[in-house]
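Enquirer: Quick one: this structure, given as structure tokens, is what I'll be asking you about.
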Amino acid sequence: MPCESCHSTALRCGEDSCRDTMAAQCLLLLACVLFLAPTSCSMHIQPLNIFKKSPSNTLASALKKTSQPKDCSEIPAGSPSGVYAIEPAGLHPIVVFCEMDMMDGGWTVVQRNHQDTEITWAESWRTYKYGFGDVRTDYWLGTEYIHQITKQKVYQVRFVIWDATNNVWFADYNLFSLDDESQGYRLRLGTYSGTAGDAMDSDNPRKVHNNMKFSTKDRDQDTYRRNCAYSYGGGWWYSACYSVQLNVKGAITWGSLCSGNCKGSAILIKPAADH
């Protein structure tokens with residue numbers, strides 16, 4: 001089975017069309033990634049580089065040391081960055097990219113985007129809920145899966161931004177979680193530190209993202225009189241409308257650091273060290 005089939009199956013596991021046979025499909029997924037990935041299909045990405053794939057490792061070698069980790073922080077120390085299967089509490093196995101080199105590793109990548117992405121990001125609420133894209137390149141893990149992961153422990157988040165000249169900047173928040181779907185997957189952030197600037201928690205209520213509900217083109221939950229997601233493309237925690245826009249094609253923005261001309265972005269989470 002081609003590697004692409006394995007990953008597309010994983011990203012569809014939450015949809016209605018396969019929900020009744022979830023266990024069987026996910027077992028097939030694990031069999032696929034563990035035993036059937038061809039040796040020519042490399043799944044590892046160089047640390048802090050979202051644009052290149054390493055030819056040295058296969059998905060099977062990346063997975064062989066795992067034992068039902070609940071997130072990437074439970075991947076054994078010393079494991080390479082790459083694609084892994086995790087099984088958050090109460091969920092079926094899902095496929096994610098684990099960043100194992102940055103800041104002691106153990107980061108679960110929930111979003112990755114670059115300026116020349118093939119993804120439009122202008123997707124429906126349901127598509128954002130269960131995720132889309134390719135974990136080896138650009139993808140959104142899924143608001144429901146992010147919520148379920150962050151229910152397990154107290155999490156922190158790191159936003160990684162590549163600016164217009166490809167310099168790397170960071171925005172860290174010591175707390176990160178999403179409320180459940182009935183609460184609109186409202187974003188909860190803690191205290192900021194880093195180099196990119198606190199663009200997620202602006203003093204301007206028209207541009208704040210912390211404590212905002214998630215909006216998509218077909219579900220308007222922002223504070224603007226029109227639909228920010230429909231107007232600007234891409235689901236996000238909009239207010240009226242944004243100072244940060246990472247889920248967008250070709251116009252990635254982070255505050256005053258880069259306005260529509262960022263080269264790339266990634267969102268990484270892991271359990272907070274002091275909890």
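Within each chain, counting starts at residue 1; across the structure tokens, chains are named A, B, ... in the order shown, with ligands numbered 1 upward in that order.
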If you count only C-alpha atoms, which residues fall within 7 Å of A:Asp172, apart from same-chain ones fewer than 5 positions away, as a ChimeraX atom specification?

Expert: /A:157-159,192-194

Enquirer: Neighbours of A:Ala164 within 8 Å (only C-alpha atoms; same-chain residues fewer than 2 positions away dropped), as a ChimeraX atom specification?

Expert: /A:162,166-167,258,261-263

Enquirer: Give me every helix (DSSP H, G or I) residue in stretch 34-253 of chain A, going by DSSP on the backbone, as number ranges by chain.

Expert: A: 34-36, 59-63, 72-74, 102-104, 125-130, 143-150, 181-183, 228-232

Enquirer: Of the candidates A:Cys228, A:Gln111, A:Asp198, A:Tyr155, which one gets nearest to A:Trp140 if we count only C-alpha atoms?

Expert: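 Closest to A:Trp140 of all the choices is A:Gln111.
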
Enquirer: With only C-alpha atoms as the atoms that count, which of A:Asp274, A:Asp218, A:Asp163, A:Glu181 lies nearest to A:Gly233?

Expert: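 Distance minimum relative to A:Gly233 lands on A:Asp218.
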
Enquirer: With only C-alpha atoms as the counted atoms, please give the residues lying no more than 9 Å from A:Lys151, apart from itself and same-chain residues fewer than 6 positions off, as a list of chain:residue names.

Expert: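 The residues that qualify are A:Ala89, A:Ser177, A:Leu178, A:Asp179.
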
Enquirer: Would you please give, as an MDAnalysis selection string, all residues of stretch 67-180 of chain A that DSSP assigns to strand (DSSP E) based on the backbone?

Expert: chainID A and resid 82:86 94:99 107:114 132:133 139:140 155:162 168:178

Enquirer: Take the residues that were just selected and, keeping N, CA and C atoms, output them as a tab-separated table (two decimals), in the first residue's frame.

Expert:
```
chain	number	residue	atom	x	y	z
A	82	GLY	N	10.06	12.88	13.10
A	82	GLY	CA	9.41	12.21	11.99
A	82	GLY	C	7.96	11.90	12.26
A	83	VAL	N	7.40	11.03	11.46
A	83	VAL	CA	5.98	10.67	11.53
A	83	VAL	C	5.80	9.48	12.47
A	84	TYR	N	4.86	9.62	13.41
A	84	TYR	CA	4.58	8.59	14.40
A	84	TYR	C	3.07	8.41	14.54
A	85	ALA	N	2.66	7.25	15.02
A	85	ALA	CA	1.27	7.02	15.43
A	85	ALA	C	1.17	7.23	16.93
A	86	ILE	N	0.20	8.04	17.36
A	86	ILE	CA	-0.06	8.24	18.78
A	86	ILE	C	-1.51	7.85	19.04
A	94	ILE	N	-3.90	8.07	15.80
A	94	ILE	CA	-3.80	9.10	14.76
A	94	ILE	C	-2.33	9.29	14.41
A	95	VAL	N	-2.09	9.81	13.21
A	95	VAL	CA	-0.73	10.00	12.73
A	95	VAL	C	-0.35	11.47	12.85
A	96	VAL	N	0.83	11.73	13.43
A	96	VAL	CA	1.30	13.09	13.64
A	96	VAL	C	2.78	13.19	13.29
A	97	PHE	N	3.27	14.41	13.20
A	97	PHE	CA	4.71	14.63	13.08
A	97	PHE	C	5.23	15.03	14.45
A	98	CYS	N	6.28	14.35	14.90
A	98	CYS	CA	6.90	14.63	16.19
A	98	CYS	C	8.23	15.34	15.98
A	99	GLU	N	8.38	16.49	16.59
A	99	GLU	CA	9.66	17.22	16.58
A	99	GLU	C	10.44	16.80	17.82
A	107	TRP	N	7.75	17.33	21.05
A	107	TRP	CA	6.72	18.25	20.58
A	107	TRP	C	5.81	17.57	19.56
A	108	THR	N	4.51	17.69	19.75
A	108	THR	CA	3.52	17.23	18.77
A	108	THR	C	3.19	18.40	17.86
A	109	VAL	N	3.46	18.24	16.57
A	109	VAL	CA	3.19	19.31	15.59
A	109	VAL	C	1.71	19.23	15.20
A	110	VAL	N	0.96	20.28	15.47
A	110	VAL	CA	-0.47	20.30	15.15
A	110	VAL	C	-0.79	21.13	13.91
A	111	GLN	N	0.19	21.92	13.45
A	111	GLN	CA	0.00	22.72	12.24
A	111	GLN	C	1.35	22.96	11.60
A	112	ARG	N	1.37	22.92	10.28
A	112	ARG	CA	2.56	23.33	9.53
A	112	ARG	C	2.10	23.91	8.20
A	113	ASN	N	2.70	25.03	7.81
A	113	ASN	CA	2.31	25.69	6.57
A	113	ASN	C	3.53	26.40	6.00
A	114	HIS	N	3.58	26.55	4.69
A	114	HIS	CA	4.61	27.37	4.09
A	114	HIS	C	4.02	28.18	2.95
A	132	PHE	N	-6.59	17.78	7.87
A	132	PHE	CA	-6.35	17.63	6.44
A	132	PHE	C	-4.89	17.94	6.15
A	133	GLY	N	-4.46	17.61	4.93
A	133	GLY	CA	-3.09	17.86	4.52
A	133	GLY	C	-2.23	16.61	4.65
A	139	TYR	N	0.01	20.62	7.04
A	139	TYR	CA	-1.22	19.97	7.51
A	139	TYR	C	-1.80	20.66	8.73
A	140	TRP	N	-3.07	20.35	8.97
A	140	TRP	CA	-3.79	20.74	10.19
A	140	TRP	C	-4.23	19.44	10.84
A	155	TYR	N	-0.76	21.62	28.93
A	155	TYR	CA	0.14	21.75	27.78
A	155	TYR	C	0.65	23.18	27.62
A	156	GLN	N	1.82	23.26	26.99
A	156	GLN	CA	2.38	24.52	26.52
A	156	GLN	C	2.40	24.50	25.00
A	157	VAL	N	2.63	25.67	24.38
A	157	VAL	CA	2.64	25.74	22.92
A	157	VAL	C	3.81	26.60	22.46
A	158	ARG	N	4.35	26.25	21.32
A	158	ARG	CA	5.36	27.07	20.65
A	158	ARG	C	4.90	27.33	19.22
A	159	PHE	N	4.74	28.61	18.88
A	159	PHE	CA	4.49	29.02	17.51
A	159	PHE	C	5.86	29.34	16.88
A	160	VAL	N	6.16	28.69	15.78
A	160	VAL	CA	7.41	28.92	15.07
A	160	VAL	C	7.09	29.67	13.78
A	161	ILE	N	7.77	30.80	13.57
A	161	ILE	CA	7.50	31.65	12.41
A	161	ILE	C	8.79	31.86	11.63
A	162	TRP	N	8.72	31.62	10.31
A	162	TRP	CA	9.80	31.97	9.41
A	162	TRP	C	9.41	33.28	8.74
A	168	VAL	N	14.13	32.61	11.74
A	168	VAL	CA	13.21	31.86	12.58
A	168	VAL	C	12.95	32.61	13.89
A	169	TRP	N	11.66	32.72	14.24
A	169	TRP	CA	11.23	33.41	15.45
A	169	TRP	C	10.28	32.49	16.23
A	170	PHE	N	10.19	32.71	17.54
A	170	PHE	CA	9.37	31.86	18.38
A	170	PHE	C	8.42	32.69	19.23
A	171	ALA	N	7.24	32.14	19.46
A	171	ALA	CA	6.29	32.69	20.43
A	171	ALA	C	5.82	31.54	21.30
A	172	ASP	N	6.22	31.54	22.55
A	172	ASP	CA	5.87	30.48	23.49
A	172	ASP	C	4.81	30.97	24.47
A	173	TYR	N	3.85	30.09	24.77
A	173	TYR	CA	2.84	30.37	25.80
A	173	TYR	C	2.85	29.18	26.75
A	174	ASN	N	2.95	29.48	28.04
A	174	ASN	CA	3.16	28.40	29.02
A	174	ASN	C	1.92	27.55	29.27
A	175	LEU	N	0.77	27.97	28.74
A	175	LEU	CA	-0.44	27.16	28.80
A	175	LEU	C	-1.12	27.18	27.44
A	176	PHE	N	-1.72	26.05	27.06
A	176	PHE	CA	-2.42	25.96	25.79
A	176	PHE	C	-3.48	24.88	25.87
A	177	SER	N	-4.71	25.21	25.48
A	177	SER	CA	-5.77	24.21	25.40
A	177	SER	C	-6.89	24.73	24.50
A	178	LEU	N	-7.73	23.82	24.05
A	178	LEU	CA	-8.94	24.17	23.32
A	178	LEU	C	-10.14	23.64	24.09
```

Enquirer: I need the residue nearest A:Ser215 from this list: A:Glu123, A:His147, A:Ala273, A:Glu74. Use only C-alpha atoms for the distance.

Expert: A:Glu123

Enquirer: I want to know what sits within 12 Å of A:Gly105, based on only C-alpha atoms, with residues of the same chain fewer than 6 positions away left out; could you give that as an MDAnalysis selection string?

Expert: chainID A and resid 47:48 71:82 97:99 158 268:271

Enquirer: Using Å and a single decimal, report how far atom CA of A:Gly184 sits from atom CA of A:Pro93.

Expert: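 Between these atoms lies a distance of 23.9 Å.
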
Enquirer: As a list in words, please: the residues near A:Tyr185 (cut-off 10 Å, only C-alpha atoms, same-chain neighbours under 2 positions excluded).

Expert: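 Everything that qualifies: Lys129, Thr143, Glu144, Ile146, His147, Ser177, Leu178, Asp179, Asp180, Glu181, Ser182, Gln183, Leu187, Arg188, Asn211, Met212, Lys213, Phe214, Ser215 and Trp237 of chain A.
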
Enquirer: Please indicate the distance in Å from atom CA of A:Asn204 to atom CA of A:Ile267, rounded to one decimal place.

Expert: 22.8 Å

Enquirer: Between atom CA of A:Arg206 and atom CA of A:Leu257, what is the distance, to one decimal in Å?

Expert: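 It comes out at 18.1 Å.
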